[in-house]
Structure formats: structure tokens, C-alpha cells
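*Asks:* Just passing along the structure, written as C-alpha cells.
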There are 4 protein chains.
Amino acid sequence: MTYQEMRENAKKNMAPNCRVCKECNGIVCKGEIPGVGAKGNGNGFTICIDFLSSVKIKMDTIYKNEGQNTTISLFGRSFQYPIFAAPVAGMKLNYNGALTEAEYDAAVVFGTNKAGCAAFTGDGPQEDIFLNSLPIIKAANGIAVPTIKPWKNEKVLDQVKMIEETKAMAFAMDIDSAGLLNLALMGKPVSSKSVEELSEISSMTKIPFIVKGVMTASSAEKALKSGAYGIVVSSHGGRVLADTPATCAMLPEIRKMVGDKLKIFVDGGIRTGADVFKAIALGADAVLIGRPYAIAAFGGGEEGAELYTKKIGAELIETMIMTGCKTLKDITFEKIIMKN
Amino acid sequence: MTYQEMRENAKKNMAPNCRVCKECNGIVCKGEIPGVGAKGNGNGFTICIDFLSSVKIKMDTIYKNEGQNTTISLFGRSFQYPIFAAPVAGMKLNYNGALTEAEYDAAVVFGTNKAGCAAFTGDGPQEDIFLNSLPIIKAANGIAVPTIKPWKNEKVLDQVKMIEETKAMAFAMDIDSAGLLNLALMGKPVSSKSVEELSEISSMTKIPFIVKGVMTASSAEKALKSGAYGIVVSSHGGRVLADTPATCAMLPEIRKMVGDKLKIFVDGGIRTGADVFKAIALGADAVLIGRPYAIAAFGGGEEGAELYTKKIGAELIETMIMTGCKTLKDITFEKIIMKN
Amino acid sequence: MTYQEMRENAKKNMAPNCRVCKECNGIVCKGEIPGVGAKGNGNGFTICIDFLSSVKIKMDTIYKNEGQNTTISLFGRSFQYPIFAAPVAGMKLNYNGALTEAEYDAAVVFGTNKAGCAAFTGDGPQEDIFLNSLPIIKAANGIAVPTIKPWKNEKVLDQVKMIEETKAMAFAMDIDSAGLLNLALMGKPVSSKSVEELSEISSMTKIPFIVKGVMTASSAEKALKSGAYGIVVSSHGGRVLADTPATCAMLPEIRKMVGDKLKIFVDGGIRTGADVFKAIALGADAVLIGRPYAIAAFGGGEEGAELYTKKIGAELIETMIMTGCKTLKDITFEKIIMKN
Amino acid sequence: MTYQEMRENAKKNMAPNCRVCKECNGIVCKGEIPGVGAKGNGNGFTICIDFLSSVKIKMDTIYKNEGQNTTISLFGRSFQYPIFAAPVAGMKLNYNGALTEAEYDAAVVFGTNKAGCAAFTGDGPQEDIFLNSLPIIKAANGIAVPTIKPWKNEKVLDQVKMIEETKAMAFAMDIDSAGLLNLALMGKPVSSKSVEELSEISSMTKIPFIVKGVMTASSAEKALKSGAYGIVVSSHGGRVLADTPATCAMLPEIRKMVGDKLKIFVDGGIRTGADVFKAIALGADAVLIGRPYAIAAFGGGEEGAELYTKKIGAELIETMIMTGCKTLKDITFEKIIMKN
């Protein structure tokens, strides 16, 4: 299967929810929530694309070529690229149901694994979204990151116990789901979490805990205090609050606040290897990618997820060649130009 | 009646003056004055929309959830949300006359009251615009804000006496009507007001007086000197002068000038709960909303006005959840990002 | 004749050269030279429009109303508004020849005079362009400003003598025609002028001399040294060099350089009374307007030019009302907001 | 042949690869690689156009006219204008094969020579691209600049020896081809070059060596250390890395770093004489132009290349007239306005 064939398949399989646009930038689907889209005018997502596009890369090919190494060590493991599939769930609500939750999770978990990477899996108001992901994570030898909603801590504890059985290498909570009032209407209330509540979750297990949905330096500092292993700088793809700033624009001040005490992931509009490069230069350790993995999974299943991972991995290598970066550590702020 | 049904009704009832656009941003109707529109190239209004869109909100859901309280105390009363319907008049001239002035006032006054809020009512060259609003305000137990044009003070005194009989909780004067030369042509001259003239008006009654149409810090300072209870930072929806700056962009310097000595209202492109949040973060106590209330009233009468008020009230709550704001006092400048 | 009828006539009379667009902003006609247009990508003109649009006006109607006085004293005369028709010539080359040079000059000279203002007239490679303007200027009692090309000074001297006979109140030279290589091809070479050459021209007569086509502070300083009465900050409507900055954007530094020792006129995209207001706030004494006067003249002759002058004069008054300006002296930089 | 006829021919001869757009700005062909286009979203090229367009020219025609001299001395020779044809190769892959490599090289080498200028020629994975250019360069008495890919130095040495036989006045290496992974797939690996490797190339011959594809001050400093005669500030037309900044935007800091120790050429979106003027004002000694020369060659062969060179040469003179520049040395940073 070629990349182009995968996209053609996806176009057929995802209609009408996702148009598999040439540039996946949130413009065509803006306001289509549920669906792909983003909230309100959709600017919370499009600004991520616009910001990344405004960051420029300093090309320099005068250096001794010693190859490029894109590996990264996280959770005590080595990954081929600093690239993860973001948690996506609600196949019926958000997409057209052409894949089940389990089929989707299998595609991204096994597909990314084959490319030396890993996927985050999702959670939702229907219990089976979370439950169905567990056997897949177990089958993947735990090389995946289950993500749970900010339910009450008692419910979270039940989920953490189930996660431990899968030997998952890490788990996450998308605290930016706190405002999803529809979950409360379904009898599944979520809410913000205090540092104390997050600390309690951190302490439930030895599995590294990732707080997803951090957008400010002070929020990152609180995540650090709560004992988290890492954070995902994320605005939930612009789907929980309109008018959020670009996620990658917040990276420099967040990194400055937490130093190396937290692993920093970021999502929001990362589409190419050059985008991965920029995110790292701005302060991220690794990135999460959402919609393009959905396209890959709907268009090519496990093979699609593998194909896409390798594609942008190769683009990352190419960008490193053009900028004289031997390892990810060489991708610093000095390699880019960020407008004020 | 659902929100969508209300809008569908409005589309039928308001044609051809207002198209009830998906985004009410003054682009389609630019230059259509009278009508909805705004003056000249319409930029005086569209800049309000553009500025608000450029203000970003800092999401942070790491905090102990203790609920959200959106109430505000004004004129010795408590309101459910810091949201008021702006004065709109001239149903024939500006709209298509499908509602009478009295029907319009009744819809927004009673509708906002039912949602725990209130409306400003308008004035105009035809005496009945003002006169017809009085019984409605009285029936609403005075929970409304009649607005008068900057006529000569003798005429203003007559109006103030009539307002006192309605037991209105406050009254306003839209001093930015000073340039409406067509009023003079109709034998109803308006003009700018000196501090002395405004002081005279302030002193006519114990009812709190609001000066509407203040756009600079020095203008706000003059309103303060005149003994006003509050001001509305407003450019009259861009309808009295082209090329005015965005109203919300002026809030920080105006608030800095007057401190807490004046209540600050603002109108101009406020459309969502997130916009209300931004206006307060920038320095406002409360907002006025115009065109969307016209759509609500033409599409759903009293019920429409109630529905719209509750809708953006809920959006305000949602934004407070996503930013860790317990009360309106927590909505500070630190919660937003304003570009220079 | 109404303003709208004048425009409808103009549409018929000017096709296909000028489309009489709703907004006369140089976009439709860009690159159409000869014709209306501007050079190359047309940006030299459109930037004038864009810059003026970005300048905002500070509304303030809290002041004691004492009326508005728009008169200005220039060349020892008083004018009703600080508004002049810019020199336009080449009716066949640039327009469609529906008016002769003399008909055009008569329309703008007499029309602006009737509105208490005046017009500049033009020059060109055909001798009769200049010659035909002289009797009209004389008939207007010299209340016009003939403009000559930067020919060799001997030829200029001949022209100055003829101008003296018309009792013209002033005369101008558009030194920004220096690069018009086509004139040389026609055997009519023009060129830049040194301070010495301009001084010589200044000394040829007691009639005040205006240097048109100054775009920098140092260029203005040289004009001052040459003994000129005034300058026109102008980029010739973007028609002699692509990529010039906005004329009005240069006003503050030019005014700072020459102080009150030179009268400063400006042209380039002035379309409304608000634009006149902005130009004065930025440092101009008065403005020149080109294309809209061409539309007025082709659409309504003398009456059209009078109508248009009064229209934007009224808009200027309205803007003064909305900002508390009693005379033109009150229109200062503090009345506007200019972005950096 | 007129300029317009040349373009009409080109439209026929270049379809469908190049549309010979009115404005050659990389928008229509974006992402079409191979083909004309640029990589990814094409922004690496369009930003060059946008940046140049944002640079404004300070018009000033108050000066004593003493003519304009556009000549420049490079490689011990004098050229009529500071304008060179950029290396373009791969007639089949990138264009439609309507010209052979040799026909293309002959057109641009002889055509530019006739206008007193010169062309760079290209290299590629097929040996004949380079080999076929040699007899043409020899026939042109060496007044051309052959460009070689960053192959291994042994292969480079072979090429340099062949270049010496043509008596070429200079030779270049486009080190920004280092990331072209497709060359490795064809068994022709290229890679970055260290200062030592570049020094070795420099030392292979007495022919001046130009490093093409420098985008940062530190990269320029390394080129200087390697003994190069000059550099070309270039992002390869946006064709080797997406998201590069505008080449001309990097000129000031590069010039500041290397002073007069290196000749600085620049390419990327130079289209008019005004653009040449801007590039020189920003710090370049001379410019390279790519796509417009391809259009000239496909549309008019040798005559087309001569015609285009003279056209923008004339535009450069015109811009110098309008800014009071007698020689290229007068085109300084003070003559332009560059936004931050």
C-alpha cells in the first residue's frame, strides 16, 4: 500500500465526517463538533497550524556528516522517533463508525509499534471504549499509553488497576476534558483536578503518569508538583475551548518553568517531520499526532499507521540533515526563527 | 423552541435586512446603513470581531472544583450573568418593521429578565420609540435601562421625569449619537455634551446614570467627573463613525484611568460566552450585546431573548471551568493573552 | 444630480479604463498603466489605502459643542476645506478620451472653486495639455495650481512666465516624474532636480512654488532649502515606482523635519472625510485627491467636482464632531491611533 | 521578438509544468515537485516573494542627475548588471523536456552574455547534465559558472578538472542539495560538507569557488573559513526544505558577519529591477534568478534570455533614478524600509 492509496481509501471510508484534505488544517471541518472539527469558529485548532507555519527553520549544510539518530528514551524504553499517536475515541460520535473502537486502537497501537513508536489510546462515556483498549495494550506488551478522563478518583483507581494488568508503560489523563458538560448529562461527571487529586492518582501506581491538557507554565508547575512523569501540552485539538492559543507557542515558557523535571509532549497541528522538528526546537521532548493517524487507520489500518509513522520519521531525518542535527538533542531553539 | 429553530425563524422574519449569518461579524451587511451594517467600509464594527478573536484564553484545569458563580451586583441588584441586551431601536428604518418598537422592547426586556438579566431600551427621532418603552419598563418592575439621545438638556429633563415614573433601575445616554446629522435634519438636533451638561443630567435624578459611547481614557475620566454611575465603552456598533478602534481593545487603559470608581460596560462584537470572559478579563464589569438579541427577538420573541441569554451564560460558565475561575472576580487579565 | 447618479454616469463614461468601483482602492486596475492602475503589482498605491485603513480615530463626544470650522489659509487665501483636486492629465492615454484635457481641467477647477476649494492641473508630453489649462486658470481668477513636469529649467522658465500671466495662486512641479523614460523617448527628457535647480525655479517668480513627489524627511529638507512654499508628499499614485511606502505613513517624520517652515500637502488613497482627518492628524496641512475627482468630473463635470468636494467636506465635519475638534488645528496626532 | 511574445511562446512550450503566471510567485505550482513548485506547502518559496514585497523603497528625486552606472566587477571581469541566471537542470524531471539540457544551457549562457551578464549552469544525477554544459561554457569563453552537487570530494575533483579546461570564470557547489535522498537512491550519494571538505575543494583549483545554499550568518562564516570566493544565499527555491525563511531577509546579518571578505549572491523570488535593488540594499552584491530565466529560455531561447536580462536591467536603472543612486555602491540599507 502506498501513502497515496492509503489516503484514497481513507477518503472513501471516512466520508462525510472527514474529507481527508490535502492540507489537514481544520478549515473545512471547522465547527463540526462532534465530528473532526474544533469548537466555535475552529480557531483553537487552526491557530496551531498557523503558528507552526510561521516558525522558520535555519538551514545549514556546512558540517561533517555523521548520520542522524532520531531515537528517544522514554519510560525506560527506546523509541525510533519522538512521535506518538494521540488518543482518539468515539468512533461513532466523531467519525462515521466505519471502525470500532477496538479496531481503531489495534491499528494505531500495533502500527506505531511496528515503526518503533507507540500510541495513546482513549476513554469515553461508554465503558467499552476504555475496556476494549486493554486487551490490545496487553497484546502489545504494554507499549501504549491508555488515557483516562478526569472522572472521580474512585473510578480512576478502578481504571488504574486494570491498566496495571496490561503492563502499560505509562498512562495519561486528559484533564482538559473537565469542561465536557455532556459527560455530566450522561451521568458520568468529569471535573478539574487539584494538585492533591492528581498526586493521589500519581500515587496509585508505579506506572508513569502523564497529565494531558496543560497550556500554561503555572499549570505545568502544578503538574510537576503532583508527581507526574510528564505532560502533554494540548488544547484537545481545539475541541474543548474555543480561542486557546497555539500549543507549540506555549512550549518555550513551559519548558523554562519545569526544566528537565518533566517530559514534555505536545499535540496540535503537527503534520510533518518539519513540524516535529519545530516542536522539539521549541521545547518538546516528543509529539502526539491525532487526525493524520485517524486517516492512516481508516485508510490503511495497522499498515497505514506504520506507513505514516515512517513517513514523517523520514521527514524528520531529512530536516535534521538540512540543519546539521545529529541527534534530537541538537534540535535547539537556535535552529529556528520564531516571530514574537 | 430550540436555538436553531429560533434562528430559522429569524432568517424568515428579518429578510432582507439581516441574513442571520452563521458568524454575525458585520461582513455581509457592511455599509448597509440604515439596516444592520456599519458605517463606510464597516471596519469600525469588524475590527471589534477581529480583536476579540485575537485575544486568547489560558486554559488551566488543574484546580479544586468548587463550582462557578456568574452573578454580578449592579444598581443594588443581583444579576445572573454580566450580560445585557443593548439598546436597539428604529425597527422600520434599520430592520424591516416586522416587529414594532414596543414588541421588540417587550421581547428583550421580559426575555432577559426571565434569564436573570436585563435589557437597555432605545430612543430615536420618533417620540413613540421612547414613550412606548416606558410601560414595558414599568411592567418589568423597572428592571431595564432606558437610553436617551443627547438632546438638549431641557428635553432630557422631560424624559428623565418619565423614566422616574417607571422606577427604572438606571438610565443611559448614548452620547456617541452626537454626530447623527440626520436627526438635526428631522428637527431633533443632538450634540456632544460637556462635563457640565452631563453633570446636570446626573443631578436630575437619583437613578444611576450611564454614559454610553466612551472610547478613550480621557473621555472616561470626563464621564467620571460628571458624576455618572457607569459608562458603556462603545462605538455604537461602528454605526456613527468609521475607523474607530475595537471597543474591547480600549478597555485596559480605560479601566486603568477610572479604577473602580465607575462601572464599565462594553459592547461591540460580543457573541459568545468566551467573548464575555475576554471582555471582563480586559477590564469590563459587564457586556451589552446588540445584533444577536435582535436575532433572538425577531426569531423567538421573549423566549428567544431568554434562550440566547442562557446560552451564552452557559458558555461563560464553561469558559470559567476551563480556566479555573470561581467567580467573575477571578476573570483577570492574567487569564488571557492579548497581542500588542 | 445626486452622488449616486454621478457615479452611474461615470461608469458609462469611463469604461473600460476605470470601473468606478464601490471602494476605489487600486485593486481591480492594478498594473493597468497607462490607464488608472499603478506600477507593477500595484502595491505602491494599495499600500496607501491599507495604511489609512489601519489608522484608527479616537472618538470622544464629551465636550462643549461650539461648531466646527474647516477653513484653511494657504497662498494668502482662505479655503472652505483642506481639500484639493490632484493634477490629472493624459485623458486619451490614461482614460478613454471621453473628456478633453480642457474639459477635464474646467470641471475640476470650476467645480472645486464653487465648493470653496481649488484644483491642481497637469502637464504632459503634448504641449497642449499645459497650454489648454492656462485660460481656464485665468478664468478662475488664478484659483488653481498648474503643475509642470521636471523639464530642463529653460523650458520651465517659459512655462513659469505663462503661469504668471494667469495670476495662478501657486504652481507645482511633480519631480517624481523624473523616471518617466517614455518622455525622453518622445524627445521631452525629464530628470531629477538638484537643490540648486529647484532654487532657480523658486526664484523665477514670486508665485509660491510647490514641490510634488517628496517621500522622505531628507527629501523634504532639500525642498525646504530650495525655497519652496510647500511640498506634496506623494508617490504619484504608485505610478512612477513600484514598492513605495504609504504616503501618509511618511508624514510624521517629514513634519518633524520641516516643522512649520513648509506647507505639507499629501495625496495617495485619500477617499473620505475620515481620511482627510487622518492625514491632517499625521502631519499634513491639506490633501490632494486624484481618482475620485476623475470619477466626479467624468460623471458630473463641474457639478460632480463640486458635489464630491462638499460630500467629503461634510464627512470631515462629522469626524470633527465625533472627536471634539473645533478647527483643523485641533486635529492632532493624539486624536488617532497609528500602529507601529 | 517582444517580451509579451516570448511569454506567449513559453506558455505553449512549458505546459503543463509551468503556467507562466502573470506574477511568478510559486502559488499555482506549490507542492508540485518535481516540476517547478516548492516543497510541502510551498511556503519556503512564497515567503521570499512576500518578504521582498514588504520591503519598501525610499523615493527621492531631488539630486543632480549624473546618470546611472549598473556595472559590477566580479571574478576580475566587469558585468553590465548585477544579475545572473541561476542554475537550472533536469529538463525532463522538472519541466516537460521541450528543451534538452544543452539547449537550455546554451540559451541562458549565450543570452545573458549578450546582455553583458552571465549564467550559472547545473548538475544532476545523470552525468550528461554536467558534461553537456562544458562545451557551451568553453564556447562562451568561460563566462559562466558551472555548479556541481555535493558529491564525494573524489568525484568533485574529477569535475573541477573538467571545469578548468573550459576556462570557466568561477564554479559553484549547491551544498543545499545535501538532503536530496533521491540522489542516494540513484546510487549518487550527496551529503553535507564540513569546512575541511569545502577547503579541500577550494584548494583544488585557482578558479574562484562559490558556496551556494547558505542561509545563516554562521554558515556564511564557515564558507568564509573554507576559502570560498563567495556564497549564494539561497534556499534552493524552497525545493530542498519546507519552512525556510526568506533568503533576502537573512542578508543583513550575513553581510554583517562576513563584511567585504566574501561576495554575496542571493536568489529566491527576485523578479524585477526593484527586487534587484532591494537585494543589494539588504546586503547582496548581485542576484541569481531562476524561474523567469526558464520562461525566457523556453519562450525565446538565447534571445529570450537576453531580452529578460535587459528588461530587468532597465528596471534597475529606473529604480536608481527614482532613488538618486549613481552606482551600485549607492544602493544602501538607508534607501529602503524593512519592517521588523
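As shown in the C-alpha cells, the chain order sets the letters A, B, ...; within each chain, residues go from 1, and ligands are also counted from 1 in the order they appear.
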For chain B versus chain C, which residues have an atom no more than 6 Å away, and what is each residue's nearest atom pair and distance in Å rounded to one decimal, using only C-alpha atoms, chain-then-number order, as JSON lines?

*Replies:*
```
{"residue": "B:Gly179", "atom": "CA", "partner": "C:Glu318", "partner_atom": "CA", "distance": 5.9}
{"residue": "B:Ser192", "atom": "CA", "partner": "C:Thr61", "partner_atom": "CA", "distance": 4.9}
{"residue": "B:Lys193", "atom": "CA", "partner": "C:Ile62", "partner_atom": "CA", "distance": 5.0}
{"residue": "B:Ser194", "atom": "CA", "partner": "C:Tyr63", "partner_atom": "CA", "distance": 4.0}
{"residue": "B:Met215", "atom": "CA", "partner": "C:Met59", "partner_atom": "CA", "distance": 5.8}
{"residue": "B:Ser219", "atom": "CA", "partner": "C:Asp60", "partner_atom": "CA", "distance": 6.0}
{"residue": "B:Asp243", "atom": "CA", "partner": "C:Lys56", "partner_atom": "CA", "distance": 5.2}
{"residue": "B:Thr244", "atom": "CA", "partner": "C:Ile57", "partner_atom": "CA", "distance": 5.1}
{"residue": "B:Pro245", "atom": "CA", "partner": "C:Lys56", "partner_atom": "CA", "distance": 5.4}
```

*Asks:* Using DSSP on the backbone, list every residue of segment 185-292 of chain C that comes out as alpha helix (DSSP H), and give them as number ranges by chain.

*Replies:* C: 185, 195-202, 217-225, 247-258, 273-282, 291-292

*Asks:* With DSSP run on the backbone, what are the strand (DSSP E or B) residues within segment 168-303 of chain C? I'd like them as a VMD selection string.

*Replies:* chain C and resid 171 to 174 209 to 214 230 to 233 263 to 266 286 to 289

*Asks:* Please indicate the distance in Å from atom CA of Ala119 of chain A to atom CA of Ala305 of chain A, rounded to one decimal place.

*Replies:*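 Going from atom CA of Ala119 of chain A over to atom CA of Ala305 of chain A covers 9.7 Å.
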
*Asks:* At a cut-off of 9 Å, using only C-alpha atoms, what residues contact Leu198 of chain C? Leave out same-chain residues fewer than 3 positions from it and give the result as a list in words.

*Replies:*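 These residues fall inside the cut-off: Asn153, Lys193, Ser194, Val195, Ile201, Ser202, Ser203, Val211, Ala223, Ser226, Gly227 and Ala228 of chain C; Ile62 of chain D.
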
*Asks:* Quick one: residues within 9 Å of Ala220 of chain A, only C-alpha atoms counted, chain neighbours fewer than 3 positions away excluded, as a count of residues only?

*Replies:* 15
